[in-house]
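Below is one structure, written out as structure tokens; the observations come after it.
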Amino acid sequence: MNIMLFFKHPIAAIKSVSTNRRRLLGLFLLGLLVLANACIDPELARTLHLNNRYVPPIWHMDGQWLHLLGTDHLGRDVLARLLAGAKTSLIVGVFSAMLATTGGVFFGVLLGYLGGGAALMGRFILAVHLAMPALVIMLLMVWFFGDSLLWVVCIIAFIHLPWFLSISQKLTPELIAQDFLSAAVCGRLSIFQIFIREVLPNLLPVIVSLFALEVTAAILTEATLSYLGVGVRGEAASWGGMIADAQSVIIFRPWLTILPALCLFLLSISILCCVRPQRVWKASAL
Amino acid sequence: MIKRLALFAAQRCVLAVLVVLLVSFMTYMVVDVTTDANEAIAGEWVVISHGVETSALSGYREWLFHAIQGSFGESLLWNRSVMSVIEQHLATTLWLTSAALVGALLFSTMLVMTSYLLSNALFSRVLIMVCMVFHALPAFTLGLILIWIFSYKLDWLPASGTLDWHSFILPVLALAFALTPRLVLVMDVTLKQVLSAGFVLQLRSCGVHGWRLWVDHIVVNLLPALLSVVSIQAVHLLTGAVVTESVFSMNGLGRLTLESVVSGDVNMIVALAVLFAVAAVSVDLVVNLLIFAISPHAETRGNLLP
Amino acid sequence: MITIKSEYEAPLLDVVGLSISNEQGVVLEAVSFSIRAGGSHGLIGNSGSGKTLCCLALVGCLPSGFFISAGDVYVKGQSITASLRSSRGWNSHPECKMVIQNAQDGFNPSRRIGATLRGMLRHLPKADAIRRVEELMPLVGLPPTPAFLQRYPRQLSGGQLQRLCIALAIAQEPALLIVDEPTSALDTVNQLDILALLSSLRTRLGMGVLMISHDSDVMLCHADNVTGLLAGRGLQSTSFDQLQHHPQRDYLFRLLTPARYRVPPLPMHTSRCLIRVQDLLAFRQTGRFWSYKDQWRLAIHELSIHEGEIVAVVGRSGSGKTSLFRALLGLLPIHSGTYHLVDQPADTLSREDRARMIQPVFQSPTRSLNPAKTIQQTLHDALDDPSDKTALLTMLTDVGGSPDWLPRLPSELSGGQQQRVCIARALLAKPKVLLLDEPFSALDASAKGHIIMLLLRLREAYGVTLVLTMHDLLLARHIAHRVVVMDQGSIVEQDNTSTLFAEPKQLATQSILAASIALRGKTAALAEQYSIEDDT
Amino acid sequence: MCIAKRLMRRSLMLSCVLLMCAYQAQAAVTVRVGLLKELTTLDRNYATVNESLVLSQLTDDGLIYIDPRTLNYEPLLAERYFFKSPTELIVTIRKGVRFHSGALLTADDVVYSLKWAASNEGRTHRRHMLQTWFKSAHVIAPYQVSVRLKYDYPLVLRDLAISVPIRRQGVYQQGGVIDRGAQAFMLDGLGPYRITSFEPGNRILLERFTDYYRDSRKYLGNIDRFEFKMFSNSASMLLAVEHGDVDWSYRLPLDISEFLRALQGMTLVNGTSMRITFLTLGVTGNQRIQEPVLDLLARQAINHAINREVLVRYMLGTGSQTIDAACHPQQLGCPASVKHYDYDVEKARALLAKSSWNRAQELNVWAYQNRHLAEVIVADLKAIGLNVRLRYVSLATLNQARIQGLVQAYIGSWGSGGTPDAAAIANAHWFMESPRNLLNSEGLSARVVAAQSHSDPELRTRQYRDIFSDIADQAYWVPLATVPARYLIADWLSFVPSRDGIARLYEMTDTRSHVND
């Protein structure tokens, strides 16, 4: 689906989107998620019933119909918490990916365009980022500055930004060497217009496919963070948090660990279905 | 050629040192702001000792002065020099990470070669889709599931500790699975690019084929891209070890990092951060030298260092 | 027992009714020709007519999905069709070898050329292999010194790489050599050398050579007889002297003979001088970040272009044509010297004024159109005043395009159509000077004729000055008023066409002229002989 | 004949050798202890976690012994001790006591250990507390030491029993160089068990110390070897327990213990300990950001908001009881009846409405352990309309935040190191110098110091009564409940839990029949 096409002829674009079976599956799953979230009231995920804790899910003999997937260590309904966790994960994943993408691409193109010294600076930033113990920094900063959703999103974006920086910095010189940019430079468009009209439409397909990979990677990082006891925990349930809580009773209540892991799996599948795998495959090697 | 290689290596070493310095500076600042050094460890009945409030910068300068002489200070938690504690935990992590990296490499090469030899489109498309999805599966989920299956249900393998090599199997598997997807994706793309290059058709039309073609021509071109991705994966490996070791409770550097971060052992955190930085940078240095030796003109420089 | 010494000695290669198809259907059918030992044959057809597929089939390296559906191939009498059909992507037949289309990337970039060549002679002991390689090099006109063999492919020029690929192919002394588009990326002098090399192979080693090209001049110099390919159908092969009696005669003529062009008279009144350049120095910054070596690319003593003129800039590849092209456009930083564009110093011009004065058309049309934008958007961006909608449509029809190209992407148009869109985009900005960088190198004979006529017509319609860079002097003689010859980054000689061709003073001009005449002369003679007027 | 005799003698010799090794084989009883905390050092001087206290009970002997049942102080290494004056203690050392390395215990070793524990250069973890009362110690007779105190400190015997492990003289200063980690990996103690090997992060092996002095007050069971196994997360420990690799374990979360009860071969034993959990409410507010302060009415509302019965029944389990005073009932000086806040949501909401605390203001409740309990408490607070956010962090980060005044309220628990005296909790939380002091009230701190500066029990009880009742009236603290010590023991082991929560592993006996006869 050509991104520019979407702006110009939205109806045609939507029609082309709906014909693709794989993408339909992805959108269907995401839609299901949003729908389920809407009809389950968020309070259910937070109310504590300490009397019926560790109720097994429905397919066990003493499962209860009130709690389809059973309850967790504080008696909260697991299904409600999975959906609330889905909302948190999606929000963290999408927003931090967006932040990382825009920041990374902007600086990457800038550094790529300036060439020479700037490229060296870009690669140096990447070197420092890869050598930095991201986990230690994340743990300390989230603990001290609070694990509000906004702060976790910023930190994950900060950790993933250099990846985009390096990719767009590698792509820009190749684009600039193309003749159509020299022709555009000889034309009447201003530098900024050239960036919007010429460079961006070529970068967008790669960026969109990386964005999908990035959303899943961000969800993974957030899950790891909350597993290690940081991240978004407490009432704004997150799947990593649920896995961490359930880890101590994995022998007796394995589904409390396996269900969130399955949800993580399904969410990444549905997000990856929305993007053309061929492009993601080519982009991932950058 | 040797002279250019030496110049290239010298340039990279200077940059490596710069990177390590910057990383140590940033870690020291973050740690100093967020954890209180002296009182954290003392625990229960301690009355606060009003030591003079040293500024973070002078603290870092003093730390650097000692670090250059090789003494990373004393760990508050272990009451012994940081280096001796690290040495004790080093062996486990080295075994875990190197085995996982080798495992991941072998497994991904095998997968890519089967998809190439079978040369049927469905298999390669399914492989790509599976890799993209597993690309996002966290290592700790994998670890927990492996524990549940192999050490609880089937009771074949121990779930924790590093007493004998059996207990290394599950962690290495978990970590290797976390690395394989990215390696497979990169190898597949690079292989397709090299095979569609002009010189392969030329050689094939002149009768060069099979084992001879691969050894002489194709592998040499595959290595630069592969090595640069391995250098990045090695860095992810180090952070992945933290999670895997805490899930399988192995006393490696990863768990040591987590414990020292939780207990606020300042000297240990900074020393470990510097150690990881040195490891990451030296892995990349070696990779770049290899790439430079293999094909001096290769544009896919190890993208870690310029 | 009477043994008839068969006069009729089996041809080296005999292709009978070969046809290739893939899942969708038949792609190429009924191609038949034969080559005798030491003989040479040509396969000609415009781009996309399946020439490459045919020769890939002969060496058994068809791309996946294609297979030989009918026909037989005999080498020295024995049929090798079975082995070709069952080949798994590599050439199992020692007798015929092939040189692929763009030889520039025909060599393993990460390996030294000596090692790759020796790799072909695995069956010989090491000492013999080295001796054989040293023998091979002079055969293709390359120095056999070990220092040269230690080089990497990227350290060689286009011509040298082409020769190396030929050396690679003939290393195992095949009986038949198939060469695909050997001359398309080279300039005239290199093309002549390659053709001389191929004929020497035929005479000295008795090798049969099958040449594939779209360029009629090269074909005339090389091949005894030729087989045409018309949209996937093989025509009956014929030699040049019986061209008259060939059933599809006019199609072959259109392929082989360039149209004749009438040069419009030079406007008499001394028109205004649009571009004046005095001792211009320009360079391109190269070298690593810390070792700042600059390389002289351009040293122009004096150049002036007047309104309404057609100027041809001719020179060998690497003689600085493209650098001049970029310098005039302002893409190449100018070190010193004055450069006036319509009596105003170029560097003080704003981007809009510069756009209204000078517009470029780059060499490869596919690279100079933004793949992510539709033709409509590309042309709209180039419009001088965005409000005027009709100008866009009229310009498109002027250059021979059609309105239904607008919603398409550049990748959906053919090479010629893309070239027309580029010209339309350039002219939409209503420039005074139109710079074209080697507009004809990628086109075959007929398309070249159309584009030339189009340019001349547009010059009349829009009163725009044309500056063309090319490496074919004879063509320049036909269409240009003035010719500028360049060598090693500076202008060697510049004069109007008639005086220059009368007595070329400089050595460089003479060598280019000689090469062009040698290469193009035959086609010109053929054209006179059959005096076919091109009707466009 | 003589051949037969010789045969008889030789066979007799053989049989008894066999019997010996048989006995040896059977007698070698090993108990595998599972710990959830990683012990980083064997030296009690440099470790504060409860697990190190359990280990040091086996490996170190103090001068004084606390009887696990009656909690009275009795002489251990000291043969006799008496207070010559309120600020001087004379201790006579027992003779013939050997270190694990074989050296004999002398008075100089005792003096050196005392001085090192209280010295600044030693940087031991209890030096601050010891420095408050320890003035000097010196040898006055071959086996007699005189300890001088700065003032009549009531808990001197408790400190000598728990906080001062006895080391050989100069063990930390090999060749003039101070090596604080000397005893970290190979401990030379005096206790009934000797350390044979220590793999940090993995396990510790202990073996019975054969020539441990006979007339020790410690009642020894018949366990020969101990194997301390350390796990980094409860899942791997539970697997080991279910697998039968762990015989004794403690401090398990409640919900896991209920599952473990279902395991064959393991029993769950409940014992008391000195630990209580509480919610501290800061009154100083955040100096930096000048946030508003919880006034009296708001604090009382919070007291009414938390449902203590539910916490006891579901989160803390049997053996836990709700408390009103901010101390453990077993501790000396802990008043029985103080102002009681019953669980009444309507009253809490009314009080909150009347208080000066505005609803929109966000109250950060910090916690650093037992996340489940913290989440329940936060839920209760939210129920009465407070805008509460849980900040679950590591202890180091909490300390840093506390120093910078960011902490308004935190959920904590305090075990007083098993001290049966209210001074341990009062001193740590309301003494002006203590980093845990969120109240910063001079008056309270002065009264706490006064209460612990003499050893007259009646007067101290009266003083502590009005300290704790004052805290209850002002609702500075929300005391929740006592935390029982919960042990998971294999069926073949008999283990009687102590009253102060410190597990005496040496008292364990193997009840399997064949060993006893």
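Simple scheme: letters A, B, ... for chains in structure tokens order, numbers from 1 for residues in each chain, numbers from 1 for ligands in the order shown.
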
Give one line per residue of chain A that approaches chain D to at most 6 Å, naming the two atoms of the closest pair and their distance in Å to one decimal, counting only C-alpha atoms; sort by chain then ascending residue number and deliver it as CSV.
residue,atom,partner,partner_atom,distance
A:Trp143,CA,D:Val393,CA,5.6
A:Gln247,CA,D:Ala235,CA,5.9
A:Ser248,CA,D:Ala235,CA,4.5

Item checked: chain B residues near chain A (8 Å cut-off, only C-alpha atoms) as JSON, numbers by chain -> {"B": [19, 20, 22, 23, 27, 30, 31, 34, 35, 128, 129, 132, 133, 134, 135, 136, 137, 138, 140, 141, 144, 145, 148, 152, 182, 185, 186, 189, 190, 232, 235, 239, 243, 257, 258, 261, 273, 276, 277, 278, 280, 281, 303, 304, 305, 306]}

Go ahead and dump the residues you just picked, C-alpha atoms, as a compact mmCIF listing (two decimals), in the first residue's frame.
# COMPACT_ATOMS: atom_id res chain seq x y z
CA VAL B 19 33.22 5.28 24.09
CA VAL B 20 34.13 3.43 27.28
CA LEU B 22 31.65 8.27 28.03
CA VAL B 23 29.67 5.19 29.11
CA THR B 27 26.54 5.38 34.35
CA VAL B 30 22.87 8.07 36.88
CA VAL B 31 23.91 5.78 39.71
CA THR B 34 19.46 7.54 42.02
CA THR B 35 21.07 5.44 44.76
CA ILE B 128 10.48 -15.51 7.87
CA MET B 129 7.06 -15.09 9.51
CA MET B 132 9.55 -12.04 12.85
CA VAL B 133 7.13 -13.17 15.55
CA PHE B 134 9.78 -14.82 17.73
CA HIS B 135 11.81 -11.64 17.29
CA ALA B 136 9.49 -10.18 19.94
CA LEU B 137 9.15 -13.08 22.35
CA PRO B 138 10.92 -12.09 25.59
CA PHE B 140 12.26 -14.73 30.29
CA THR B 141 8.90 -16.07 29.04
CA LEU B 144 9.87 -19.96 32.31
CA ILE B 145 8.07 -22.11 29.78
CA TRP B 148 7.87 -25.70 33.35
CA TYR B 152 8.82 -29.77 36.24
CA ARG B 182 17.35 -11.77 14.21
CA LEU B 185 16.44 -12.70 9.12
CA VAL B 186 19.77 -11.06 8.40
CA VAL B 189 18.49 -11.32 3.22
CA THR B 190 22.27 -11.27 2.77
CA ILE B 232 25.23 -6.25 17.70
CA VAL B 235 25.78 -6.79 22.90
CA THR B 239 21.76 -7.73 28.53
CA VAL B 243 17.27 -11.81 32.52
CA THR B 257 24.32 -6.72 38.11
CA LEU B 258 20.69 -7.08 39.13
CA VAL B 261 21.40 -2.51 41.29
CA ALA B 273 28.80 -1.18 33.38
CA PHE B 276 30.04 -4.59 29.68
CA ALA B 277 31.08 -1.50 27.69
CA VAL B 278 34.63 -2.80 27.28
CA ALA B 280 30.85 -4.73 23.71
CA VAL B 281 33.45 -2.39 22.25
CA ASN B 303 28.13 -0.24 12.28
CA LEU B 304 29.11 0.03 15.91
CA LEU B 305 32.18 2.19 15.37
CA PRO B 306 32.54 4.62 12.46

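Here atom CA of Phe83 of chain D stands at a distance of 17.3 Å from atom CA of Gln452 of chain D.
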
Next item on the list: Please provide the set of residues having any atom within 12 Å of Leu201 of chain C, restricted to only C-alpha atoms, with same-chain residues fewer than 2 positions apart removed, written as number ranges by chain.
Entry: C: 37-40, 136, 138-141, 163, 166-167, 169-170, 173-177, 194-199, 203-209

Check: Residues at most 10 Å from segment 105-115 of chain D, counting only C-alpha atoms, excluding those fewer than 6 positions away in the same chain, as a PyMOL selection string?
Finding: chain D and resi 45+62-63+77+91-99+122+127+130-131+134-147+160+163-172+190

Output for the residues just chosen: C-alpha atoms as an mmCIF file, in the first residue's frame:
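Result file follows (part.cif):
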data_model
loop_
_atom_site.group_PDB
_atom_site.id
_atom_site.type_symbol
_atom_site.label_atom_id
_atom_site.label_comp_id
_atom_site.auth_asym_id
_atom_site.auth_seq_id
_atom_site.Cartn_x
_atom_site.Cartn_y
_atom_site.Cartn_z
ATOM 1 C CA ASN D 45 30.162 -8.370 60.997
ATOM 2 C CA GLY D 62 28.704 -14.801 71.289
ATOM 3 C CA LEU D 63 29.658 -14.063 74.900
ATOM 4 C CA LEU D 77 31.464 -18.197 75.957
ATOM 5 C CA VAL D 91 33.149 -11.047 82.007
ATOM 6 C CA THR D 92 35.100 -14.241 82.796
ATOM 7 C CA ILE D 93 35.917 -16.248 79.637
ATOM 8 C CA ARG D 94 35.448 -20.006 79.532
ATOM 9 C CA LYS D 95 38.711 -21.980 79.288
ATOM 10 C CA GLY D 96 39.595 -24.635 76.759
ATOM 11 C CA VAL D 97 37.334 -23.255 74.004
ATOM 12 C CA ARG D 98 38.840 -23.845 70.526
ATOM 13 C CA PHE D 99 38.399 -21.920 67.278
ATOM 14 C CA GLY D 122 36.403 -1.798 60.592
ATOM 15 C CA ARG D 127 29.441 0.052 64.393
ATOM 16 C CA LEU D 130 27.768 -0.151 69.207
ATOM 17 C CA GLN D 131 29.498 3.236 69.235
ATOM 18 C CA PHE D 134 30.716 1.027 73.926
ATOM 19 C CA LYS D 135 33.510 3.075 75.552
ATOM 20 C CA SER D 136 36.396 0.593 75.966
ATOM 21 C CA ALA D 137 37.339 -2.970 76.841
ATOM 22 C CA HIS D 138 40.559 -4.357 78.312
ATOM 23 C CA VAL D 139 41.916 -7.536 79.912
ATOM 24 C CA ILE D 140 42.083 -7.343 83.729
ATOM 25 C CA ALA D 141 43.028 -10.988 84.438
ATOM 26 C CA PRO D 142 44.225 -13.981 82.318
ATOM 27 C CA TYR D 143 40.643 -14.991 81.398
ATOM 28 C CA GLN D 144 38.750 -11.865 82.526
ATOM 29 C CA VAL D 145 37.656 -8.820 80.476
ATOM 30 C CA SER D 146 36.193 -5.548 81.717
ATOM 31 C CA VAL D 147 33.797 -3.736 79.339
ATOM 32 C CA LEU D 160 26.988 -8.897 73.048
ATOM 33 C CA SER D 163 26.038 -8.178 67.245
ATOM 34 C CA VAL D 164 29.574 -9.068 68.336
ATOM 35 C CA PRO D 165 30.893 -12.330 66.798
ATOM 36 C CA ILE D 166 34.212 -13.359 68.417
ATOM 37 C CA ARG D 167 37.230 -13.485 66.064
ATOM 38 C CA ARG D 168 40.916 -14.367 66.617
ATOM 39 C CA GLN D 169 43.096 -11.396 67.352
ATOM 40 C CA GLY D 170 44.462 -9.567 64.298
ATOM 41 C CA VAL D 171 42.488 -11.725 61.872
ATOM 42 C CA TYR D 172 41.418 -8.609 59.915
ATOM 43 C CA LEU D 190 33.657 -20.791 67.506
#

Notebook entry, point to check: What's the 12 Å shell around Ser52 of chain D, counting only C-alpha atoms, without same-chain residues fewer than 3 positions away, as a ChimeraX atom specification?
Noted result: /D:35-49,55-60,162-163,184,204,228,230,417,502-503

Expected file: the selected residues, N, CA and C atoms, as a PDB file, in the first residue's frame:
ATOM      1  N   LEU D  35      17.396 -21.039  50.807  1.00  0.00           N
ATOM      2  CA  LEU D  35      17.304 -19.605  51.132  1.00  0.00           C
ATOM      3  C   LEU D  35      16.912 -18.829  49.867  1.00  0.00           C
ATOM      4  N   LEU D  36      16.087 -17.804  50.063  1.00  0.00           N
ATOM      5  CA  LEU D  36      15.664 -17.002  48.904  1.00  0.00           C
ATOM      6  C   LEU D  36      16.596 -15.815  48.684  1.00  0.00           C
ATOM      7  N   LYS D  37      17.509 -15.574  49.648  1.00  0.00           N
ATOM      8  CA  LYS D  37      18.378 -14.384  49.573  1.00  0.00           C
ATOM      9  C   LYS D  37      19.793 -14.884  49.309  1.00  0.00           C
ATOM     10  N   GLU D  38      20.530 -14.142  48.488  1.00  0.00           N
ATOM     11  CA  GLU D  38      21.907 -14.588  48.192  1.00  0.00           C
ATOM     12  C   GLU D  38      22.824 -14.036  49.270  1.00  0.00           C
ATOM     13  N   LEU D  39      23.488 -14.944  49.997  1.00  0.00           N
ATOM     14  CA  LEU D  39      24.429 -14.512  51.043  1.00  0.00           C
ATOM     15  C   LEU D  39      25.754 -14.158  50.377  1.00  0.00           C
ATOM     16  N   THR D  40      26.166 -12.897  50.600  1.00  0.00           N
ATOM     17  CA  THR D  40      27.389 -12.494  49.891  1.00  0.00           C
ATOM     18  C   THR D  40      28.615 -12.675  50.778  1.00  0.00           C
ATOM     19  N   THR D  41      28.420 -12.891  52.100  1.00  0.00           N
ATOM     20  CA  THR D  41      29.616 -13.066  52.933  1.00  0.00           C
ATOM     21  C   THR D  41      29.234 -13.933  54.128  1.00  0.00           C
ATOM     22  N   LEU D  42      30.230 -14.658  54.662  1.00  0.00           N
ATOM     23  CA  LEU D  42      29.948 -15.526  55.822  1.00  0.00           C
ATOM     24  C   LEU D  42      30.120 -14.769  57.123  1.00  0.00           C
ATOM     25  N   ASP D  43      30.730 -13.574  57.018  1.00  0.00           N
ATOM     26  CA  ASP D  43      31.126 -12.862  58.239  1.00  0.00           C
ATOM     27  C   ASP D  43      29.933 -12.053  58.755  1.00  0.00           C
ATOM     28  N   ARG D  44      29.481 -12.379  59.976  1.00  0.00           N
ATOM     29  CA  ARG D  44      28.315 -11.719  60.565  1.00  0.00           C
ATOM     30  C   ARG D  44      28.562 -10.223  60.727  1.00  0.00           C
ATOM     31  N   ASN D  45      29.882  -9.800  60.833  1.00  0.00           N
ATOM     32  CA  ASN D  45      30.162  -8.370  60.997  1.00  0.00           C
ATOM     33  C   ASN D  45      29.663  -7.550  59.808  1.00  0.00           C
ATOM     34  N   TYR D  46      29.628  -8.206  58.638  1.00  0.00           N
ATOM     35  CA  TYR D  46      29.351  -7.415  57.418  1.00  0.00           C
ATOM     36  C   TYR D  46      28.076  -7.870  56.736  1.00  0.00           C
ATOM     37  N   ALA D  47      27.150  -8.424  57.478  1.00  0.00           N
ATOM     38  CA  ALA D  47      25.897  -8.823  56.812  1.00  0.00           C
ATOM     39  C   ALA D  47      24.744  -8.493  57.747  1.00  0.00           C
ATOM     40  N   THR D  48      23.683  -7.951  57.228  1.00  0.00           N
ATOM     41  CA  THR D  48      22.545  -7.578  58.102  1.00  0.00           C
ATOM     42  C   THR D  48      21.325  -8.457  57.842  1.00  0.00           C
ATOM     43  N   VAL D  49      21.296  -9.147  56.681  1.00  0.00           N
ATOM     44  CA  VAL D  49      20.046  -9.872  56.356  1.00  0.00           C
ATOM     45  C   VAL D  49      19.804 -10.970  57.395  1.00  0.00           C
ATOM     46  N   LEU D  55      22.705 -18.242  59.794  1.00  0.00           N
ATOM     47  CA  LEU D  55      23.996 -18.928  59.539  1.00  0.00           C
ATOM     48  C   LEU D  55      24.939 -18.721  60.716  1.00  0.00           C
ATOM     49  N   SER D  56      24.972 -17.449  61.237  1.00  0.00           N
ATOM     50  CA  SER D  56      25.963 -17.172  62.296  1.00  0.00           C
ATOM     51  C   SER D  56      25.583 -17.884  63.587  1.00  0.00           C
ATOM     52  N   GLN D  57      24.284 -18.240  63.759  1.00  0.00           N
ATOM     53  CA  GLN D  57      23.931 -19.029  64.964  1.00  0.00           C
ATOM     54  C   GLN D  57      24.698 -20.358  64.939  1.00  0.00           C
ATOM     55  N   LEU D  58      24.911 -20.880  63.705  1.00  0.00           N
ATOM     56  CA  LEU D  58      25.621 -22.172  63.615  1.00  0.00           C
ATOM     57  C   LEU D  58      27.123 -21.988  63.760  1.00  0.00           C
ATOM     58  N   THR D  59      27.648 -20.908  63.150  1.00  0.00           N
ATOM     59  CA  THR D  59      29.125 -20.838  63.033  1.00  0.00           C
ATOM     60  C   THR D  59      29.744 -19.988  64.139  1.00  0.00           C
ATOM     61  N   ASP D  60      29.029 -19.014  64.712  1.00  0.00           N
ATOM     62  CA  ASP D  60      29.652 -18.116  65.708  1.00  0.00           C
ATOM     63  C   ASP D  60      28.959 -18.299  67.064  1.00  0.00           C
ATOM     64  N   ILE D 162      24.281 -10.913  70.047  1.00  0.00           N
ATOM     65  CA  ILE D 162      23.945 -11.033  68.603  1.00  0.00           C
ATOM     66  C   ILE D 162      24.924 -10.262  67.734  1.00  0.00           C
ATOM     67  N   SER D 163      25.353  -9.081  68.192  1.00  0.00           N
ATOM     68  CA  SER D 163      26.038  -8.178  67.245  1.00  0.00           C
ATOM     69  C   SER D 163      27.538  -8.302  67.292  1.00  0.00           C
ATOM     70  N   ALA D 184      35.376 -13.363  54.871  1.00  0.00           N
ATOM     71  CA  ALA D 184      34.153 -13.445  54.042  1.00  0.00           C
ATOM     72  C   ALA D 184      33.999 -14.824  53.449  1.00  0.00           C
ATOM     73  N   ILE D 204      26.496 -23.224  50.455  1.00  0.00           N
ATOM     74  CA  ILE D 204      27.477 -23.204  51.550  1.00  0.00           C
ATOM     75  C   ILE D 204      27.383 -24.556  52.247  1.00  0.00           C
ATOM     76  N   PHE D 228      23.595 -25.124  52.691  1.00  0.00           N
ATOM     77  CA  PHE D 228      22.750 -23.945  52.447  1.00  0.00           C
ATOM     78  C   PHE D 228      22.672 -23.733  50.932  1.00  0.00           C
ATOM     79  N   MET D 230      21.233 -21.418  47.775  1.00  0.00           N
ATOM     80  CA  MET D 230      20.666 -20.076  47.579  1.00  0.00           C
ATOM     81  C   MET D 230      19.979 -20.006  46.222  1.00  0.00           C
ATOM     82  N   GLY D 417      15.781  -7.273  64.890  1.00  0.00           N
ATOM     83  CA  GLY D 417      16.874  -8.227  65.103  1.00  0.00           C
ATOM     84  C   GLY D 417      16.544  -9.206  66.219  1.00  0.00           C
ATOM     85  N   ILE D 502      14.397 -15.958  65.395  1.00  0.00           N
ATOM     86  CA  ILE D 502      15.718 -16.345  64.856  1.00  0.00           C
ATOM     87  C   ILE D 502      15.796 -17.871  64.912  1.00  0.00           C
ATOM     88  N   ALA D 503      15.948 -18.519  63.727  1.00  0.00           N
ATOM     89  CA  ALA D 503      15.893 -19.986  63.675  1.00  0.00           C
ATOM     90  C   ALA D 503      17.200 -20.535  64.230  1.00  0.00           C
TER      91      ALA D 503
END

Taking only C-alpha atoms into account, produce a table as a Markdown table in which each residue of chain C with an atom at most 8 Å from an atom of chain A appears once, together with its shortest atom pair and the distance in Å to one decimal, ordered by chain and rising number.
| residue | atom | partner | partner_atom | distance |
| --- | --- | --- | --- | --- |
| C:Phe289 | CA | A:Gly116 | CA | 6.5 |
| C:Leu329 | CA | A:Cys186 | CA | 7.1 |
| C:Leu331 | CA | A:Ser182 | CA | 7.4 |
| C:Arg351 | CA | A:Arg188 | CA | 6.0 |
| C:Glu352 | CA | A:Arg188 | CA | 5.0 |
| C:Arg354 | CA | A:Cys186 | CA | 7.7 |
| C:Ala355 | CA | A:Gly187 | CA | 5.5 |
| C:Gln359 | CA | A:Cys186 | CA | 6.9 |
| C:Pro360 | CA | A:Ala183 | CA | 6.8 |
| C:Val361 | CA | A:Ala183 | CA | 7.9 |
| C:Phe362 | CA | A:Asp179 | CA | 6.9 |
| C:Arg367 | CA | A:Asp179 | CA | 5.7 |
| C:Ser368 | CA | A:Phe180 | CA | 4.0 |
| C:Leu369 | CA | A:Phe180 | CA | 5.3 |
| C:Asn370 | CA | A:Phe180 | CA | 5.7 |
| C:Pro371 | CA | A:Asn202 | CA | 7.6 |
| C:Ala372 | CA | A:Pro201 | CA | 5.8 |
| C:Lys373 | CA | A:Pro201 | CA | 7.6 |
| C:Asp381 | CA | A:Leu189 | CA | 7.6 |
| C:Ala382 | CA | A:Gly187 | CA | 6.4 |
| C:Asp384 | CA | A:Arg188 | CA | 7.9 |
| C:Ala429 | CA | A:Gly187 | CA | 7.8 |

Next item on the list: Using only C-alpha atoms, select each residue of chain B with any atom at most 7 Å away from an atom of chain C, and give the selection as a PyMOL selection string.
Entry: chain B and resi 198-199+202+204-207+209+217+220-221+295

With C-alpha atoms retained, export the selected residues as a compact mmCIF listing (two decimals), in the first residue's frame.
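As written to disk, again.txt reads:
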# COMPACT_ATOMS: atom_id res chain seq x y z
CA GLY B 198 26.24 -10.64 -11.19
CA PHE B 199 29.46 -12.55 -10.50
CA GLN B 202 29.00 -15.30 -14.49
CA ARG B 204 27.86 -20.43 -12.90
CA SER B 205 27.70 -19.87 -16.66
CA CYS B 206 31.42 -20.74 -16.80
CA GLY B 207 30.84 -24.05 -15.07
CA HIS B 209 29.25 -24.72 -9.18
CA HIS B 217 33.13 -16.91 -3.63
CA VAL B 220 33.59 -14.48 1.58
CA ASN B 221 30.85 -12.02 0.66
CA SER B 295 37.22 -7.39 2.25
